[in-house]
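Report on one structure; see the data block that follows.
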Amino acid sequence: MMPRLNSAAELEQLRAGILAGRDPGKPCIAVCAGAGCHGLESGAVVSAFEAEVGKLGLGDKLEVRATGCHGFCEKGPNVVVSPGEICYFEVKPEDVPDIVARTLKGEVLERLVYAHPVTGERAVHMGEVPFYKHQTRLLIGDNPKIDPMRIEDYLALGGYAALSKALFQMSPGQVLDEVKRANLRGRGGGGFPAGLKWETAKNAPGEEKYVIVNAHEGEPGAFMDRALFTGNPHKVIEGLIIGAYAIGAHRGFIYTRHDSPQLVKHIETALAQAEEHGLLGANILGTGFDFRVEVHYDVGIFVSGESSALMRSIEGNPPEPRPKYIRTSVAGIWDKPSNLNNVETWANVPQIISRGAEWYASIGTERSKGTKLISLSGNVVNSGVVEVPMGTPLRTILYDIGGGVPGGKAPKAVHFGGPMGGSIPEHLIDTGLDFDGMAELGAPIGAGGMLVMDEATDMVDVARYLLEFLTNESCGKCVPCREGMRQMLKILTNITKGKGKTSDIGRLEDLSDVTGLACLCALGKTASDPLRGTLRYFKNEYEAKIAGGNETAGSAAR
């Protein structure tokens, strides 16, 4: 058992010892064990590598590491061989002996490296693969270098140095000011400045305050938080501890999904390891600062990810939202000041403290700083988790990283924000990834799910599908949400079945206005946003369906 660390010096001594015991030239085979690759039986690939290394007695010459998500989900299971970051894709257990043999010889197994689907051009190293070369992977880039079950891997990469700096070199107020100057905006949906939210909780009346990680990620098509938290849990935990120090909280909560056993295992293991090392719990690093974290699980409904509903769930109550005039930063869990940020927001904090607000603010646009994780899915060649600087054109994400639309088809629309988001047509594809700019177009970034739809997509049916999801997920507490969505869904369903009326468009617009104004929480207030977006850009499809019965509508309105 590791003795608790009681100073910054002891932390650095431990780090130096870990690094001294590692040979940077020793080959390491990192197998992606993220959710996507896990579903493609990457576990069997890991077992095959371990068996091969054991059979050949290579334990001292070759390391095998099961890691979190590498990002390129479309081509899983993925393997990265270091040094050199040689990438192999769609690896099967029967490929393992060849990879091991080539690795020991310093050679490349050409048949498993990336090949461009059109030109056939091959890319061996990660930085050469189109999916990776156009990204800036500040948050998820360490995933292939870390076994999430080993705190030593995180420490070897400088982990918890930011916490040490905050505790020993900065006051809570200085930490808060640094986050404010970096202009870190929340990555969970609204893009609200994190520093201002922290300041509200810090200055709220009462000694007892809480900090919370929202790791619910119930939005369909969003999987970047799970990729980050499962692959590098200590990065998120370190950010949470720093935030607690800045705000003056001594108790924190992680609210996550009950149906992701791998995620739960990695979080609980990381918390236990951090406490064992004196980085969490009582008297952290001998500073006298105490902070403990509890893990709570959702009840399997979408609305439990809403901030006030989430906090009620932590209290042991049904996850029903509260009126928005009650700010959770002032009166959250048990009516105590409670600061809630999502996984990606907390993960940004250590790099801001380590590298400074000026460095962080140099990335992105004037009002949207840093990088953003994107879950890229839908009608796109390369699906996966993408990380790019804010301001990156959507065209770059779709074509340079995503490889475009398969089958030679043209894109019709890009949808952001999940069921409560919006779609923009292809002619706006040069728009930059920016909180405010995207919101003005009716497609707020939300958590970061980017769904690509091709020319064959029926946009009216897309709106109907998303509204059906939200209708089923509504808690039913308020009438405008419960009944308003049902009526909109009924009208949309009739239109898609060829039973629409000319007056239906006006009725849909009126209902969307009412729900947007009168609903209790964000789910109801924004439930009609996909409808508004499709009416804004694809109204001709509604008109064509109503006029022509069940015929498929044409291309997007320009």
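Residue numbers start at 1 in each chain; chains themselves are named A, B, ... in the order of the structure tokens; ligands are numbered from 1 in the order shown.
If you count only C-alpha atoms and ignore residues fewer than 2 places along the chain from Gly286 in chain A, what sits within 6 Å of it is Asn6, Ser7, Asn283, Ile284 and Gly288 of chain A.
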Restricting it to all heavy atoms, dump the selection as an mmCIF file, in the first residue's frame.
```cif
data_model
loop_
_atom_site.group_PDB
_atom_site.id
_atom_site.type_symbol
_atom_site.label_atom_id
_atom_site.label_comp_id
_atom_site.auth_asym_id
_atom_site.auth_seq_id
_atom_site.Cartn_x
_atom_site.Cartn_y
_atom_site.Cartn_z
ATOM 1 N N ASN A 6 2.398 13.776 1.677
ATOM 2 C CA ASN A 6 2.127 14.864 2.622
ATOM 3 C C ASN A 6 2.730 16.196 2.207
ATOM 4 O O ASN A 6 2.752 17.140 2.995
ATOM 5 C CB ASN A 6 2.660 14.477 4.008
ATOM 6 C CG ASN A 6 1.862 13.337 4.606
ATOM 7 O OD1 ASN A 6 0.642 13.420 4.735
ATOM 8 N ND2 ASN A 6 2.554 12.254 4.957
ATOM 9 N N SER A 7 3.197 16.297 0.968
ATOM 10 C CA SER A 7 3.752 17.565 0.513
ATOM 11 C C SER A 7 3.912 17.529 -0.998
ATOM 12 O O SER A 7 3.855 16.466 -1.633
ATOM 13 C CB SER A 7 5.124 17.823 1.152
ATOM 14 O OG SER A 7 6.074 16.878 0.678
ATOM 15 N N ASN A 283 -6.855 16.196 4.697
ATOM 16 C CA ASN A 283 -5.512 16.778 4.709
ATOM 17 C C ASN A 283 -4.752 16.494 3.406
ATOM 18 O O ASN A 283 -3.656 15.923 3.400
ATOM 19 C CB ASN A 283 -4.726 16.227 5.909
ATOM 20 C CG ASN A 283 -3.457 17.009 6.181
ATOM 21 O OD1 ASN A 283 -3.348 18.180 5.836
ATOM 22 N ND2 ASN A 283 -2.496 16.354 6.807
ATOM 23 N N ILE A 284 -5.330 16.917 2.278
ATOM 24 C CA ILE A 284 -4.764 16.629 0.963
ATOM 25 C C ILE A 284 -3.359 17.214 0.841
ATOM 26 O O ILE A 284 -3.132 18.405 1.085
ATOM 27 C CB ILE A 284 -5.678 17.185 -0.151
ATOM 28 C CG1 ILE A 284 -7.019 16.440 -0.135
ATOM 29 C CG2 ILE A 284 -5.009 17.074 -1.515
ATOM 30 C CD1 ILE A 284 -8.044 17.001 -1.095
ATOM 31 N N GLY A 288 -3.986 20.588 4.879
ATOM 32 C CA GLY A 288 -5.115 20.839 5.754
ATOM 33 C C GLY A 288 -6.432 20.960 5.011
ATOM 34 O O GLY A 288 -7.493 21.092 5.639
#
```
Practice task
Write out as a ChimeraX atom specification all residues of range 107-299 of chain A that DSSP puts in alpha helix (DSSP H) for this structure's backbone.
Solution key: /A:130-133,151-156,161-169,172-182,194-203,224-231,233-247,261-276
Find the residues around Tyr537 in chain A up to 12 Å (only C-alpha atoms counted), leave out those fewer than 4 positions away in its own chain, and share them as a CSV table (one decimal) with N, CA, C and O atoms, in the first residue's frame.
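Once everything was written out, this is result.csv:
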```
chain,number,residue,atom,x,y,z
A,412,LYS,N,-27.0,16.9,-46.4
A,412,LYS,CA,-28.1,17.8,-46.4
A,412,LYS,C,-28.1,18.7,-45.2
A,412,LYS,O,-28.4,19.9,-45.3
A,413,ALA,N,-27.7,18.2,-44.0
A,413,ALA,CA,-27.8,19.0,-42.8
A,413,ALA,C,-26.8,18.4,-41.8
A,413,ALA,O,-26.4,17.3,-41.8
A,414,VAL,N,-26.4,19.3,-40.9
A,414,VAL,CA,-25.6,18.9,-39.7
A,414,VAL,C,-26.5,19.3,-38.5
A,414,VAL,O,-26.9,20.4,-38.3
A,422,GLY,N,-30.6,21.6,-32.9
A,422,GLY,CA,-31.1,22.1,-34.1
A,422,GLY,C,-30.3,21.7,-35.3
A,422,GLY,O,-29.1,21.3,-35.1
A,423,SER,N,-30.8,21.8,-36.5
A,423,SER,CA,-30.1,21.4,-37.7
A,423,SER,C,-29.9,22.6,-38.6
A,423,SER,O,-30.8,23.5,-38.7
A,424,ILE,N,-28.7,22.6,-39.2
A,424,ILE,CA,-28.4,23.7,-40.2
A,424,ILE,C,-28.1,23.0,-41.5
A,424,ILE,O,-27.6,21.9,-41.6
A,425,PRO,N,-28.5,23.7,-42.6
A,425,PRO,CA,-28.4,23.1,-43.9
A,425,PRO,C,-26.9,23.1,-44.4
A,425,PRO,O,-26.1,23.8,-43.9
A,426,GLU,N,-26.7,22.4,-45.5
A,426,GLU,CA,-25.3,22.2,-46.0
A,426,GLU,C,-24.7,23.5,-46.4
A,426,GLU,O,-23.5,23.7,-46.3
A,427,HIS,N,-25.5,24.5,-46.8
A,427,HIS,CA,-24.8,25.7,-47.3
A,427,HIS,C,-24.3,26.6,-46.2
A,427,HIS,O,-23.6,27.6,-46.4
A,428,LEU,N,-24.5,26.2,-44.9
A,428,LEU,CA,-23.9,26.8,-43.8
A,428,LEU,C,-22.7,26.0,-43.2
A,428,LEU,O,-22.3,26.3,-42.0
A,441,LEU,N,-27.7,30.5,-35.2
A,441,LEU,CA,-28.2,29.7,-36.3
A,441,LEU,C,-29.2,28.7,-36.0
A,441,LEU,O,-29.8,28.1,-36.8
A,442,GLY,N,-29.5,28.6,-34.7
A,442,GLY,CA,-30.6,27.6,-34.2
A,442,GLY,C,-30.0,26.2,-34.0
A,442,GLY,O,-30.8,25.3,-33.9
A,443,ALA,N,-28.7,26.1,-34.0
A,443,ALA,CA,-28.1,24.8,-33.7
A,443,ALA,C,-27.1,24.9,-32.6
A,443,ALA,O,-25.9,24.8,-32.9
A,459,MET,N,-36.2,15.5,-43.3
A,459,MET,CA,-36.1,16.3,-42.1
A,459,MET,C,-37.3,16.5,-41.3
A,459,MET,O,-37.2,16.7,-40.1
A,460,VAL,N,-38.5,16.3,-41.9
A,460,VAL,CA,-39.7,16.3,-41.1
A,460,VAL,C,-39.7,15.1,-40.2
A,460,VAL,O,-40.1,15.2,-39.0
A,530,PRO,N,-35.6,21.4,-32.3
A,530,PRO,CA,-35.4,20.7,-33.6
A,530,PRO,C,-36.6,21.1,-34.6
A,530,PRO,O,-36.3,21.2,-35.8
A,531,LEU,N,-37.8,21.2,-34.1
A,531,LEU,CA,-38.9,21.6,-35.0
A,531,LEU,C,-38.7,23.0,-35.5
A,531,LEU,O,-38.8,23.2,-36.7
A,532,ARG,N,-38.3,23.9,-34.7
A,532,ARG,CA,-38.0,25.3,-35.1
A,532,ARG,C,-36.9,25.3,-36.2
A,532,ARG,O,-37.1,26.1,-37.2
A,533,GLY,N,-35.9,24.6,-36.0
A,533,GLY,CA,-34.8,24.5,-36.9
A,533,GLY,C,-35.2,24.0,-38.3
A,533,GLY,O,-34.8,24.6,-39.3
A,541,GLU,N,-40.0,21.2,-47.1
A,541,GLU,CA,-40.3,19.7,-46.9
A,541,GLU,C,-41.6,19.5,-46.2
A,541,GLU,O,-42.4,18.6,-46.5
A,542,TYR,N,-41.9,20.4,-45.2
A,542,TYR,CA,-43.2,20.3,-44.6
A,542,TYR,C,-44.3,20.6,-45.6
A,542,TYR,O,-45.3,19.9,-45.7
A,555,SER,N,-34.9,18.7,-51.6
A,555,SER,CA,-33.7,19.2,-50.9
A,555,SER,C,-33.9,20.4,-50.1
A,555,SER,O,-35.0,21.0,-50.1
A,556,ALA,N,-33.0,20.8,-49.3
A,556,ALA,CA,-33.1,21.9,-48.3
A,556,ALA,C,-33.4,23.2,-49.0
A,556,ALA,O,-32.9,23.5,-50.1
A,557,ALA,N,-34.2,24.0,-48.3
A,557,ALA,CA,-34.5,25.3,-48.7
A,557,ALA,C,-33.2,26.2,-48.7
A,557,ALA,O,-32.4,26.0,-47.7
A,558,ARG,N,-33.0,27.0,-49.6
A,558,ARG,CA,-31.8,27.9,-49.6
A,558,ARG,C,-32.1,29.3,-49.3
A,558,ARG,O,-33.2,29.8,-49.5
```
Problem - Straight-line distance linking CA of Glu294 in chain A with CA of Phe253 in chain A, stated in Å to one decimal - result: 4.8 Å
Practice task
Write out as a ChimeraX atom specification each polymer residue whose atoms come within 8 Å of Gly191 in chain A, counting only C-alpha atoms; drop sequence neighbours fewer than 3 positions from it.
Solution key: /A:185-188,435,446
Could you list, as a JSON list (two decimals) with N, CA, C and O atoms, in the first residue's frame, every residue within 6 Å of Leu376 in chain A, counting only C-alpha atoms and ignoring same-chain residues fewer than 3 positions away?
```json
[["chain", "number", "residue", "atom", "x", "y", "z"],
["A", 383, "SER", "N", -16.66, 7.98, -38.07],
["A", 383, "SER", "CA", -17.33, 8.38, -36.83],
["A", 383, "SER", "C", -16.35, 8.22, -35.67],
["A", 383, "SER", "O", -15.40, 7.45, -35.73],
["A", 384, "GLY", "N", -16.60, 8.97, -34.60],
["A", 384, "GLY", "CA", -15.74, 8.84, -33.42],
["A", 384, "GLY", "C", -15.75, 10.10, -32.58],
["A", 384, "GLY", "O", -16.58, 10.99, -32.76],
["A", 450, "MET", "N", -22.48, 15.85, -32.86],
["A", 450, "MET", "CA", -22.62, 16.34, -34.24],
["A", 450, "MET", "C", -23.11, 15.20, -35.11],
["A", 450, "MET", "O", -22.39, 14.24, -35.37]]
```
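All residues of range 54-231 of chain A that DSSP, run on the backbone, classes as strand (DSSP E or B) are A:Glu63, A:Val64, A:Arg65, A:Ala66, A:Thr67, A:Val79, A:Val80, A:Val81, A:Ser82, A:Ile86, A:Cys87, A:Tyr88, A:Tyr114, A:Ala115, A:Arg122, A:Ala123, A:His125, A:Arg185, A:Pro193, A:Tyr210, A:Val211, A:Ile212, A:Val213, A:Asn214, A:Ala215.
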Practice task
Do a neighbour search on range 407-411 of chain A at 7 Å with only C-alpha atoms, toss out local chain neighbours closer than 6 positions, and write the hits as a ChimeraX atom specification.
Solution key: /A:426,453-455
Please report, as JSON lines, each residue of range 23-79 of chain A lying at most 12 Å from range 142-152 of chain A, together with the nearest pair of atoms and the separation in Å rounded to one decimal; use only C-alpha atoms, and order rows by chain and ascending residue number.
```
{"residue": "A:Pro24", "atom": "CA", "partner": "A:Lys145", "partner_atom": "CA", "distance": 11.9}
{"residue": "A:Cys28", "atom": "CA", "partner": "A:Lys145", "partner_atom": "CA", "distance": 9.1}
{"residue": "A:Ile29", "atom": "CA", "partner": "A:Pro144", "partner_atom": "CA", "distance": 9.3}
{"residue": "A:Ala30", "atom": "CA", "partner": "A:Pro144", "partner_atom": "CA", "distance": 6.0}
{"residue": "A:Val31", "atom": "CA", "partner": "A:Pro144", "partner_atom": "CA", "distance": 7.7}
{"residue": "A:Cys32", "atom": "CA", "partner": "A:Pro144", "partner_atom": "CA", "distance": 7.1}
{"residue": "A:Ala33", "atom": "CA", "partner": "A:Asp147", "partner_atom": "CA", "distance": 9.6}
{"residue": "A:Gly34", "atom": "CA", "partner": "A:Asn143", "partner_atom": "CA", "distance": 9.5}
{"residue": "A:Glu63", "atom": "CA", "partner": "A:Asp147", "partner_atom": "CA", "distance": 11.4}
{"residue": "A:Val64", "atom": "CA", "partner": "A:Asp147", "partner_atom": "CA", "distance": 9.8}
{"residue": "A:Arg65", "atom": "CA", "partner": "A:Asp147", "partner_atom": "CA", "distance": 6.1}
{"residue": "A:Ala66", "atom": "CA", "partner": "A:Asp147", "partner_atom": "CA", "distance": 5.8}
{"residue": "A:Thr67", "atom": "CA", "partner": "A:Asp147", "partner_atom": "CA", "distance": 4.8}
{"residue": "A:Gly68", "atom": "CA", "partner": "A:Asn143", "partner_atom": "CA", "distance": 5.5}
{"residue": "A:Cys69", "atom": "CA", "partner": "A:Asn143", "partner_atom": "CA", "distance": 6.4}
{"residue": "A:His70", "atom": "CA", "partner": "A:Pro144", "partner_atom": "CA", "distance": 6.0}
{"residue": "A:Gly71", "atom": "CA", "partner": "A:Asn143", "partner_atom": "CA", "distance": 8.9}
{"residue": "A:Phe72", "atom": "CA", "partner": "A:Pro144", "partner_atom": "CA", "distance": 11.6}
{"residue": "A:Asn78", "atom": "CA", "partner": "A:Pro144", "partner_atom": "CA", "distance": 9.8}
{"residue": "A:Val79", "atom": "CA", "partner": "A:Pro144", "partner_atom": "CA", "distance": 8.7}
```
Let's have the selection written as an mmCIF file, in the first residue's frame, with C-alpha atoms.
```
data_model
loop_
_atom_site.group_PDB
_atom_site.id
_atom_site.type_symbol
_atom_site.label_atom_id
_atom_site.label_comp_id
_atom_site.auth_asym_id
_atom_site.auth_seq_id
_atom_site.Cartn_x
_atom_site.Cartn_y
_atom_site.Cartn_z
ATOM 1 C CA PRO A 24 11.045 5.347 -22.803
ATOM 2 C CA CYS A 28 4.334 -0.396 -25.674
ATOM 3 C CA ILE A 29 1.245 -1.774 -27.373
ATOM 4 C CA ALA A 30 -1.809 0.261 -26.381
ATOM 5 C CA VAL A 31 -5.123 -1.411 -27.167
ATOM 6 C CA CYS A 32 -8.226 0.769 -27.155
ATOM 7 C CA ALA A 33 -10.729 -0.600 -24.656
ATOM 8 C CA GLY A 34 -13.165 2.303 -24.936
ATOM 9 C CA GLU A 63 4.383 -3.691 -22.490
ATOM 10 C CA VAL A 64 0.706 -4.293 -23.250
ATOM 11 C CA ARG A 65 -1.690 -1.598 -22.065
ATOM 12 C CA ALA A 66 -5.510 -1.593 -22.172
ATOM 13 C CA THR A 67 -6.490 2.059 -22.504
ATOM 14 C CA GLY A 68 -9.503 4.283 -22.890
ATOM 15 C CA CYS A 69 -10.945 5.502 -26.176
ATOM 16 C CA HIS A 70 -8.470 6.502 -28.904
ATOM 17 C CA GLY A 71 -11.220 8.388 -30.721
ATOM 18 C CA PHE A 72 -11.379 6.642 -34.105
ATOM 19 C CA ASN A 78 -7.519 0.300 -32.525
ATOM 20 C CA VAL A 79 -3.930 -0.355 -31.474
#
```
Determine, counting only C-alpha atoms, which protein, DNA and RNA residues have an atom within 10 Å of an atom of Lys265 in chain A; residues of the same chain fewer than 3 positions away are not included. Present the result as a compact mmCIF listing (two decimals) with all heavy atoms, in the first residue's frame.
```txt
# COMPACT_ATOMS: atom_id res chain seq x y z
N PRO A 148 -6.36 3.33 -17.45
CA PRO A 148 -7.21 4.05 -16.51
C PRO A 148 -7.25 3.46 -15.10
O PRO A 148 -7.69 4.12 -14.16
CB PRO A 148 -8.61 3.98 -17.15
CG PRO A 148 -8.36 3.64 -18.58
CD PRO A 148 -7.13 2.81 -18.60
N MET A 149 -6.78 2.24 -14.97
CA MET A 149 -6.77 1.58 -13.67
C MET A 149 -5.47 1.81 -12.90
O MET A 149 -5.29 1.29 -11.81
CB MET A 149 -7.00 0.07 -13.86
CG MET A 149 -8.31 -0.28 -14.54
SD MET A 149 -9.74 0.03 -13.50
CE MET A 149 -9.61 -1.36 -12.36
N THR A 230 -13.90 7.68 -18.86
CA THR A 230 -13.50 6.28 -18.78
C THR A 230 -12.01 6.13 -19.05
O THR A 230 -11.33 5.33 -18.41
CB THR A 230 -14.29 5.42 -19.79
OG1 THR A 230 -15.69 5.62 -19.59
CG2 THR A 230 -13.98 3.93 -19.62
N SER A 260 -23.25 1.87 -17.32
CA SER A 260 -21.91 1.84 -17.92
C SER A 260 -20.93 1.25 -16.91
O SER A 260 -20.19 1.99 -16.24
CB SER A 260 -21.47 3.24 -18.33
OG SER A 260 -22.33 3.78 -19.31
N PRO A 261 -20.91 -0.07 -16.75
CA PRO A 261 -20.08 -0.69 -15.71
C PRO A 261 -18.60 -0.38 -15.83
O PRO A 261 -17.91 -0.23 -14.83
CB PRO A 261 -20.35 -2.19 -15.87
CG PRO A 261 -20.98 -2.35 -17.22
CD PRO A 261 -21.69 -1.08 -17.51
N GLN A 262 -18.09 -0.26 -17.06
CA GLN A 262 -16.67 0.05 -17.23
C GLN A 262 -16.37 1.46 -16.71
O GLN A 262 -15.38 1.67 -16.00
CB GLN A 262 -16.31 -0.05 -18.71
CG GLN A 262 -14.83 0.19 -18.99
CD GLN A 262 -14.52 0.27 -20.48
OE1 GLN A 262 -15.25 0.90 -21.24
NE2 GLN A 262 -13.44 -0.37 -20.90
N GLU A 268 -14.54 4.64 -9.72
CA GLU A 268 -14.39 4.19 -8.34
C GLU A 268 -12.94 3.81 -8.03
O GLU A 268 -12.43 4.10 -6.95
CB GLU A 268 -15.34 3.02 -8.06
CG GLU A 268 -16.81 3.44 -8.07
CD GLU A 268 -17.76 2.31 -7.77
OE1 GLU A 268 -17.34 1.12 -7.89
OE2 GLU A 268 -18.92 2.58 -7.41
N THR A 269 -12.27 3.18 -9.00
CA THR A 269 -10.86 2.82 -8.81
C THR A 269 -10.00 4.07 -8.69
O THR A 269 -9.11 4.18 -7.82
CB THR A 269 -10.35 1.95 -9.97
OG1 THR A 269 -11.12 0.75 -10.03
CG2 THR A 269 -8.88 1.60 -9.80
N ALA A 270 -10.26 5.05 -9.55
CA ALA A 270 -9.48 6.29 -9.53
C ALA A 270 -9.67 7.05 -8.21
O ALA A 270 -8.71 7.58 -7.65
CB ALA A 270 -9.87 7.18 -10.72
```
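Here CA of Val343 in chain A stands at a distance of 12.0 Å from CA of Gly231 in chain A.
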Practice task
Using only C-alpha atoms, find the one residue out of A:Leu138, A:Ile374, A:Leu489, A:Val303 that sits nearest to Gly476 in chain A.
Solution key: A:Val303
Could you make a table, as CSV, of the residues of range 280-310 of chain A that have an atom within 9 Å of an atom of range 166-173 of chain A, each with its nearest atom pair and distance in Å to one decimal, counting only C-alpha atoms, in chain and number order?
```
residue,atom,partner,partner_atom,distance
A:Ile284,CA,A:Leu167,CA,8.9
A:Leu285,CA,A:Leu167,CA,8.5
A:Thr287,CA,A:Leu167,CA,7.2
A:Phe289,CA,A:Leu167,CA,8.4
```
Go through range 160-241 of chain A and flag each residue having an atom no more than 12 Å from range 521-525 of chain A; for those, report the closest pair of atoms plus their distance in Å to one decimal, using only C-alpha atoms, ordered by chain and rising number, as a Markdown table.
```
| residue | atom | partner | partner_atom | distance |
| --- | --- | --- | --- | --- |
| A:Gly189 | CA | A:Ala522 | CA | 10.4 |
| A:Gly190 | CA | A:Ala522 | CA | 10.1 |
| A:Glu219 | CA | A:Leu523 | CA | 11.2 |
```
Keeping only N, CA and C atoms, write the selected residues to a file as a PDB file, in the first residue's frame.
```
ATOM      1  N   GLY A 189     -23.615  22.281 -22.381  1.00  0.00           N
ATOM      2  CA  GLY A 189     -24.759  22.640 -23.199  1.00  0.00           C
ATOM      3  C   GLY A 189     -24.949  24.130 -23.364  1.00  0.00           C
ATOM      4  N   GLY A 190     -25.012  24.865 -22.276  1.00  0.00           N
ATOM      5  CA  GLY A 190     -25.342  26.280 -22.350  1.00  0.00           C
ATOM      6  C   GLY A 190     -24.164  27.186 -22.637  1.00  0.00           C
ATOM      7  N   GLU A 219     -27.786  12.369 -23.618  1.00  0.00           N
ATOM      8  CA  GLU A 219     -28.137  12.842 -24.956  1.00  0.00           C
ATOM      9  C   GLU A 219     -27.772  11.798 -26.012  1.00  0.00           C
TER      10      GLU A 219
END
```
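Nearest residue to Gly378 in chain A, choosing from A:Glu74, A:Arg395, A:Lys180, A:Lys61 and counting only C-alpha atoms: A:Glu74.
Taking only C-alpha atoms into account, Asp177 in chain A lies nearest to A:Glu199 out of the set A:Asp298, A:Glu199, A:Glu276, A:Glu387.
Distance check against Arg122 in chain A using only C-alpha atoms: of A:Ile353, A:Met420, A:Leu109, A:Ser308, the minimum falls on A:Leu109.
Minimum distance to Ala204 in chain A across A:Asp335, A:Asp430, A:Glu12, A:Glu344 (counting only C-alpha atoms) occurs at A:Asp335.
For the pair CA of Gly402 in chain A and CA of Ser82 in chain A, the separation is 24.9 Å.
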Exercise for the section: Pick out the closest residue to Ala347 in chain A from this set: A:Ile314, A:Ile267, A:Val388, A:Leu228. Count only C-alpha atoms. Expected result: A:Leu228
